[in-house]
Amino acid sequence: MTPEAGDRISLRVRIATLIAVVGPGIITANVDNDAGGITTYSQAGAGFGYTLLWSLVPITLMLILVQEMCNRMGVVTGKGLSDLIRERFGVKPTFYLMLAMVVTNFGNIMAEFAGVKASTELFGLPAWLTVPTSAVFVWLLIVKGNYKTVEKVFLVACVFYVAYVITGFKVGPPIGEVLHQVAVPGLPKSAAGWTMLVGLVGTTIAPWMQFYQQASVAEKGIKIQDYFYSRIDTVVGCVVVNVIALFIIVCCAATLYPRSLPIESAADAAKALEGIAGEYAGDLFAFGLLNASLFAASILPLSTAYSVCEGLGFETGVDKKFSEAPQFYGLYTFLIVFGAGVIMIPGTNPVKVMYISQIVNGIMLPFVLVFMLLLVNNKKIMGDRVNGRVFNVLAWIATIVIIALDVVFLWQLILGYA
C-alpha cells in the first residue's frame, strides 16, 4: 500500500469516526435557541439594534468551556452529571438540585408549547389541534424510538435553524456595520442595556444543557479514544448556536429597531417582520420558532427525566423499554402532558411562566457550575483528564463571571417581578 493510499484510508476512518460521534454537542447547543432564547434575541435586536452583537463572542467562549467539561466527564466516566453529583456529594443536595430542575424545566416546557401555539396560529392553524398533536408527536418520538433514531431526528431539526440565516440575509442588513459591531465591544449605556446583556448570557448558558449533554454522551457510549471528535462536536455546536443567535438579532435590528417597534415575544417579531420585510420573511421567522419550540419540547422533558432519574438512582435511557425504565418514561410523559395541557387553559400567561422559570434557572446555575468544576478536577473521577492549569483558570474565571452576571440578572428579574 502506498503512503498516499494509507492517508486516504486514514482520512476516511477519521471522517467516519467523526460522523459516528457527532450528535450530543450540536443537538444540546441548538436546543438552547428555544422559544425563550429566540424571544430574548429578538428583544435584543428590536431594543438595542446591533450594539450587543459583540457579546456573542465571549458568550460563545464561555459556553465552549462549560460544555466541554461536561462532555469530557461523560466520555471519561460513562455517567451523567446528576449521577456523579449524587455519588460525590450525597443524596440530599442532589434531591434539592433535581427539585429545582423539575420546576424550572417545567416552566420552560410550557413556554415551548406556548411557542408551538403562537407559531402555528401565525399560519392560521388552531391551537386546539396543533398543541395536542405536537405533544403526541414528541412523546411518540422518544417512547417508541431508540437512541440512534431520536438523534437523527434531532440532527435534522438542527438544519432547519437555517431559516433564520435566510431571513437575516433577506432583510438586507448593513454587513459592514454588523461585522464592526461583532468585532468591537461597546458597553451598554443604560440599565436596560445591561439587563439585556446579562439576559443574553442567561439564556445561552442554562443548567439543563450540562445535564442533557453529559447524559446523552454517556448513553451514546463515546469512547475515550474518540474524545477528540466529541470535542469537535461540542465546539461546533457552541459556535453554530450563537451564529443563529446573531442572525436572529440582526433580523430584528435591521427591521424593528429603526422603527422603535417593541415586542414581547418571538411571535410578535414574526408578525412585525411580515409587515416590514414581506410575507416570506415573517413566515420563515415563524417556521424557525415552530421548529425550535418542537425541538426543545422534545429535549427539555428528556433532559429532566435523565437528570432526575440518574440523580435518584432509577434506570434511564431512550434505548430502554417503558417496562425497563418506568420512572424515566413516566416523568417524561408527565412533563409533556401537563406542559401542553396548562398552555391550553384559557388565560394562561406563558410570559409570566417563562419569567419565573428563569428565576429558578438563575438560582440553579451557580450550584451546577461549581459542582461541575469540583467534579472535573477530581483525579479519582477523571484520572489524568482533569482540567489543565490554563483551562482551569479560564473555567473558574468564566464561572465567576457567569455567577456575577447571573446575580445581576436575578436582581433585575426580582425587581421587575415585584
# chains A, B, ... in the order shown; residues from 1 in each chain; ligands from 1

call {"tool": "residues_around", "arguments": {"residues": "segment 234-241 of chain A", "least_positions_apart": "5", "cutoff": "6 Å", "atoms": "only C-alpha atoms", "output": "list of chain:residue names"}}
result
A:Gly25, A:Ile26, A:Ala29, A:Asn30, A:Ile64

call {"tool": "select_by_dssp", "arguments": {"residues": "segment 49-271 of chain A", "states": "alpha helix (DSSP H)", "output": "PyMOL selection string"}}
result
chain A and resi 56-77+81-89+91-122+127-144+147-159+162-170+175-183+191-204+207-220+227-255+266-271

call {"tool": "residues_around", "arguments": {"residues": "Ile403 of chain A", "least_positions_apart": "5", "cutoff": "9 Å", "atoms": "only C-alpha atoms", "output": "ChimeraX atom specification"}}
result
/A:362,365-366,369,398,408

call {"tool": "write_last_selection", "arguments": {"atoms": "C-alpha atoms", "output": "CSV table (one decimal), in the first residue's frame"}}
result
chain,number,residue,atom,x,y,z
A,362,GLY,CA,-30.6,31.6,37.6
A,365,LEU,CA,-26.8,27.7,37.5
A,366,PRO,CA,-24.1,28.8,40.1
A,369,LEU,CA,-21.1,25.2,37.6
A,398,ALA,CA,-15.8,32.1,33.2
A,408,VAL,CA,-27.4,40.9,38.5

call {"tool": "residues_around", "arguments": {"residues": "segment 200-208 of chain A", "least_positions_apart": "6", "cutoff": "9 Å", "atoms": "only C-alpha atoms", "output": "PyMOL selection string"}}
result
chain A and resi 29+32-33+36-37+40-41+44+55-56+59-60+62-63+66+101+105+241-242+300+303-304+307+358+361-362+364-366+368-369+402+405-406+409

call {"tool": "atom_distance", "arguments": {"atom1": "atom CA of Ser134 of chain A", "atom2": "atom CA of Ala215 of chain A"}}
result
24.5 Å

call {"tool": "residues_around", "arguments": {"residues": "Gly23 of chain A", "least_positions_apart": "3", "cutoff": "8 Å", "atoms": "only C-alpha atoms", "output": "mmCIF file with C-alpha atoms, in the first residue's frame"}}
result
data_model
loop_
_atom_site.group_PDB
_atom_site.id
_atom_site.type_symbol
_atom_site.label_atom_id
_atom_site.label_comp_id
_atom_site.auth_asym_id
_atom_site.auth_seq_id
_atom_site.Cartn_x
_atom_site.Cartn_y
_atom_site.Cartn_z
ATOM 1 C CA ILE A 26 -24.611 20.018 18.283
ATOM 2 C CA ILE A 27 -28.065 18.942 19.484
ATOM 3 C CA GLU A 151 -30.610 11.506 17.474
ATOM 4 C CA LEU A 155 -29.910 16.459 13.934
ATOM 5 C CA ASP A 233 -18.947 18.134 18.087
#

call {"tool": "closest_atom_pairs", "arguments": {"of": "segment 169-262 of chain A", "to": "segment 68-80 of chain A", "cutoff": "8 Å", "atoms": "only C-alpha atoms", "output": "CSV"}}
result
residue,atom,partner,partner_atom,distance
A:Gln210,CA,A:Cys70,CA,5.9
A:Phe211,CA,A:Gly80,CA,6.7
A:Gln213,CA,A:Asn71,CA,6.5
A:Gln214,CA,A:Gly74,CA,4.7
A:Ala215,CA,A:Gly80,CA,4.3
A:Ser216,CA,A:Gly80,CA,8.0
A:Val217,CA,A:Gly74,CA,5.6
A:Ala218,CA,A:Gly78,CA,4.5
A:Glu219,CA,A:Gly78,CA,7.6
A:Gly221,CA,A:Gly78,CA,6.8
A:Ile222,CA,A:Val75,CA,5.8
A:Lys223,CA,A:Val75,CA,6.1
A:Ile224,CA,A:Val75,CA,5.9
A:Tyr227,CA,A:Val75,CA,7.0
A:Ser230,CA,A:Asn71,CA,7.7
A:Arg231,CA,A:Glu68,CA,6.6
A:Thr234,CA,A:Glu68,CA,6.4
A:Val235,CA,A:Glu68,CA,7.6

call {"tool": "closest_residue", "arguments": {"among": "A:Phe169, A:Phe391, A:Phe113, A:Phe328", "to": "Leu284 of chain A", "atoms": "only C-alpha atoms"}}
result
A:Phe169

call {"tool": "atom_distance", "arguments": {"atom1": "atom CA of Tyr161 of chain A", "atom2": "atom CA of Asp34 of chain A"}}
result
10.6 Å

call {"tool": "residues_around", "arguments": {"residues": "segment 251-255 of chain A", "least_positions_apart": "4", "cutoff": "12 Å", "atoms": "only C-alpha atoms", "output": "ChimeraX atom specification"}}
result
/A:38-53,163-175,177-178,181,244-247,259-263,265-266,268-278,281-282,284-285

call {"tool": "atom_distance", "arguments": {"atom1": "atom CA of Lys144 of chain A", "atom2": "atom CA of Thr316 of chain A"}}
result
14.7 Å

call {"tool": "decode", "arguments": {"residues": "segment 301-348 of chain A", "atoms": "N, CA and C atoms", "output": "compact mmCIF listing (two decimals), in the first residue's frame"}}
result
# COMPACT_ATOMS: atom_id res chain seq x y z
N PRO A 301 -38.04 17.91 28.36
CA PRO A 301 -38.55 16.84 29.21
C PRO A 301 -37.58 15.66 29.30
N LEU A 302 -36.90 15.38 28.18
CA LEU A 302 -35.94 14.29 28.16
C LEU A 302 -34.77 14.59 29.08
N SER A 303 -34.25 15.82 29.02
CA SER A 303 -33.16 16.24 29.90
C SER A 303 -33.57 16.13 31.36
N THR A 304 -34.80 16.55 31.67
CA THR A 304 -35.30 16.49 33.05
C THR A 304 -35.41 15.05 33.52
N ALA A 305 -35.93 14.18 32.66
CA ALA A 305 -36.07 12.76 33.03
C ALA A 305 -34.70 12.12 33.25
N TYR A 306 -33.75 12.42 32.38
CA TYR A 306 -32.39 11.94 32.57
C TYR A 306 -31.84 12.38 33.93
N SER A 307 -31.91 13.68 34.17
CA SER A 307 -31.29 14.26 35.37
C SER A 307 -31.89 13.71 36.65
N VAL A 308 -33.22 13.73 36.74
CA VAL A 308 -33.89 13.30 37.97
C VAL A 308 -33.68 11.81 38.23
N CYS A 309 -33.86 11.00 37.20
CA CYS A 309 -33.76 9.55 37.39
C CYS A 309 -32.32 9.10 37.65
N GLU A 310 -31.36 9.76 37.01
CA GLU A 310 -29.96 9.47 37.33
C GLU A 310 -29.66 9.85 38.77
N GLY A 311 -30.10 11.06 39.15
CA GLY A 311 -29.81 11.56 40.49
C GLY A 311 -30.42 10.71 41.59
N LEU A 312 -31.58 10.09 41.31
CA LEU A 312 -32.27 9.28 42.31
C LEU A 312 -32.01 7.78 42.13
N GLY A 313 -31.17 7.44 41.16
CA GLY A 313 -30.75 6.05 41.00
C GLY A 313 -31.69 5.16 40.21
N PHE A 314 -32.61 5.75 39.42
CA PHE A 314 -33.51 4.96 38.59
C PHE A 314 -32.89 4.68 37.21
N GLU A 315 -33.43 3.68 36.54
CA GLU A 315 -32.96 3.36 35.19
C GLU A 315 -33.32 4.49 34.22
N THR A 316 -32.40 4.80 33.30
CA THR A 316 -32.65 5.84 32.31
C THR A 316 -32.22 5.36 30.92
N GLY A 317 -32.72 6.04 29.89
CA GLY A 317 -32.22 5.76 28.56
C GLY A 317 -33.32 5.58 27.53
N VAL A 318 -33.14 6.21 26.37
CA VAL A 318 -34.10 6.10 25.28
C VAL A 318 -34.10 4.69 24.70
N ASP A 319 -32.99 3.98 24.85
CA ASP A 319 -32.92 2.61 24.34
C ASP A 319 -33.63 1.60 25.25
N LYS A 320 -34.02 2.04 26.44
CA LYS A 320 -34.76 1.17 27.36
C LYS A 320 -36.24 1.11 26.97
N LYS A 321 -36.90 0.01 27.27
CA LYS A 321 -38.34 -0.09 27.09
C LYS A 321 -39.05 0.58 28.26
N PHE A 322 -40.34 0.90 28.07
CA PHE A 322 -41.11 1.55 29.13
C PHE A 322 -41.08 0.71 30.40
N SER A 323 -41.21 -0.62 30.25
CA SER A 323 -41.23 -1.50 31.42
C SER A 323 -39.88 -1.57 32.12
N GLU A 324 -38.79 -1.27 31.39
CA GLU A 324 -37.45 -1.30 31.98
C GLU A 324 -37.10 -0.01 32.70
N ALA A 325 -37.71 1.10 32.30
CA ALA A 325 -37.42 2.40 32.93
C ALA A 325 -38.73 3.17 33.13
N PRO A 326 -39.63 2.64 33.98
CA PRO A 326 -40.95 3.27 34.13
C PRO A 326 -40.88 4.68 34.72
N GLN A 327 -39.95 4.90 35.66
CA GLN A 327 -39.84 6.24 36.25
C GLN A 327 -39.37 7.26 35.21
N PHE A 328 -38.41 6.85 34.40
CA PHE A 328 -37.86 7.71 33.34
C PHE A 328 -38.96 8.12 32.36
N TYR A 329 -39.66 7.14 31.80
CA TYR A 329 -40.71 7.43 30.84
C TYR A 329 -41.95 8.05 31.49
N GLY A 330 -42.20 7.68 32.75
CA GLY A 330 -43.34 8.26 33.45
C GLY A 330 -43.16 9.75 33.67
N LEU A 331 -41.96 10.16 34.09
CA LEU A 331 -41.69 11.59 34.29
C LEU A 331 -41.73 12.33 32.95
N TYR A 332 -41.17 11.72 31.92
CA TYR A 332 -41.20 12.33 30.59
C TYR A 332 -42.65 12.56 30.14
N THR A 333 -43.48 11.56 30.34
CA THR A 333 -44.89 11.66 29.95
C THR A 333 -45.61 12.74 30.74
N PHE A 334 -45.37 12.76 32.05
CA PHE A 334 -45.99 13.77 32.92
C PHE A 334 -45.66 15.18 32.44
N LEU A 335 -44.40 15.43 32.15
CA LEU A 335 -43.97 16.77 31.75
C LEU A 335 -44.60 17.18 30.41
N ILE A 336 -44.68 16.23 29.48
CA ILE A 336 -45.29 16.52 28.19
C ILE A 336 -46.78 16.83 28.34
N VAL A 337 -47.50 15.95 29.04
CA VAL A 337 -48.95 16.08 29.17
C VAL A 337 -49.33 17.37 29.89
N PHE A 338 -48.69 17.64 31.02
CA PHE A 338 -49.06 18.81 31.79
C PHE A 338 -48.48 20.10 31.20
N GLY A 339 -47.30 20.02 30.59
CA GLY A 339 -46.73 21.19 29.95
C GLY A 339 -47.61 21.69 28.82
N ALA A 340 -48.10 20.76 27.99
CA ALA A 340 -49.00 21.14 26.90
C ALA A 340 -50.39 21.47 27.43
N GLY A 341 -50.83 20.72 28.44
CA GLY A 341 -52.18 20.91 28.96
C GLY A 341 -52.40 22.26 29.60
N VAL A 342 -51.43 22.73 30.37
CA VAL A 342 -51.58 24.02 31.05
C VAL A 342 -51.69 25.15 30.03
N ILE A 343 -50.92 25.05 28.94
CA ILE A 343 -50.95 26.10 27.91
C ILE A 343 -52.33 26.19 27.26
N MET A 344 -53.09 25.09 27.26
CA MET A 344 -54.41 25.09 26.64
C MET A 344 -55.47 25.69 27.55
N ILE A 345 -55.13 25.94 28.82
CA ILE A 345 -56.10 26.54 29.74
C ILE A 345 -56.27 28.02 29.38
N PRO A 346 -57.48 28.47 29.13
CA PRO A 346 -57.70 29.89 28.80
C PRO A 346 -57.16 30.81 29.90
N GLY A 347 -56.49 31.87 29.49
CA GLY A 347 -55.97 32.85 30.44
C GLY A 347 -54.57 32.57 30.94
N THR A 348 -53.96 31.44 30.52
CA THR A 348 -52.60 31.14 30.94
C THR A 348 -51.64 32.17 30.34
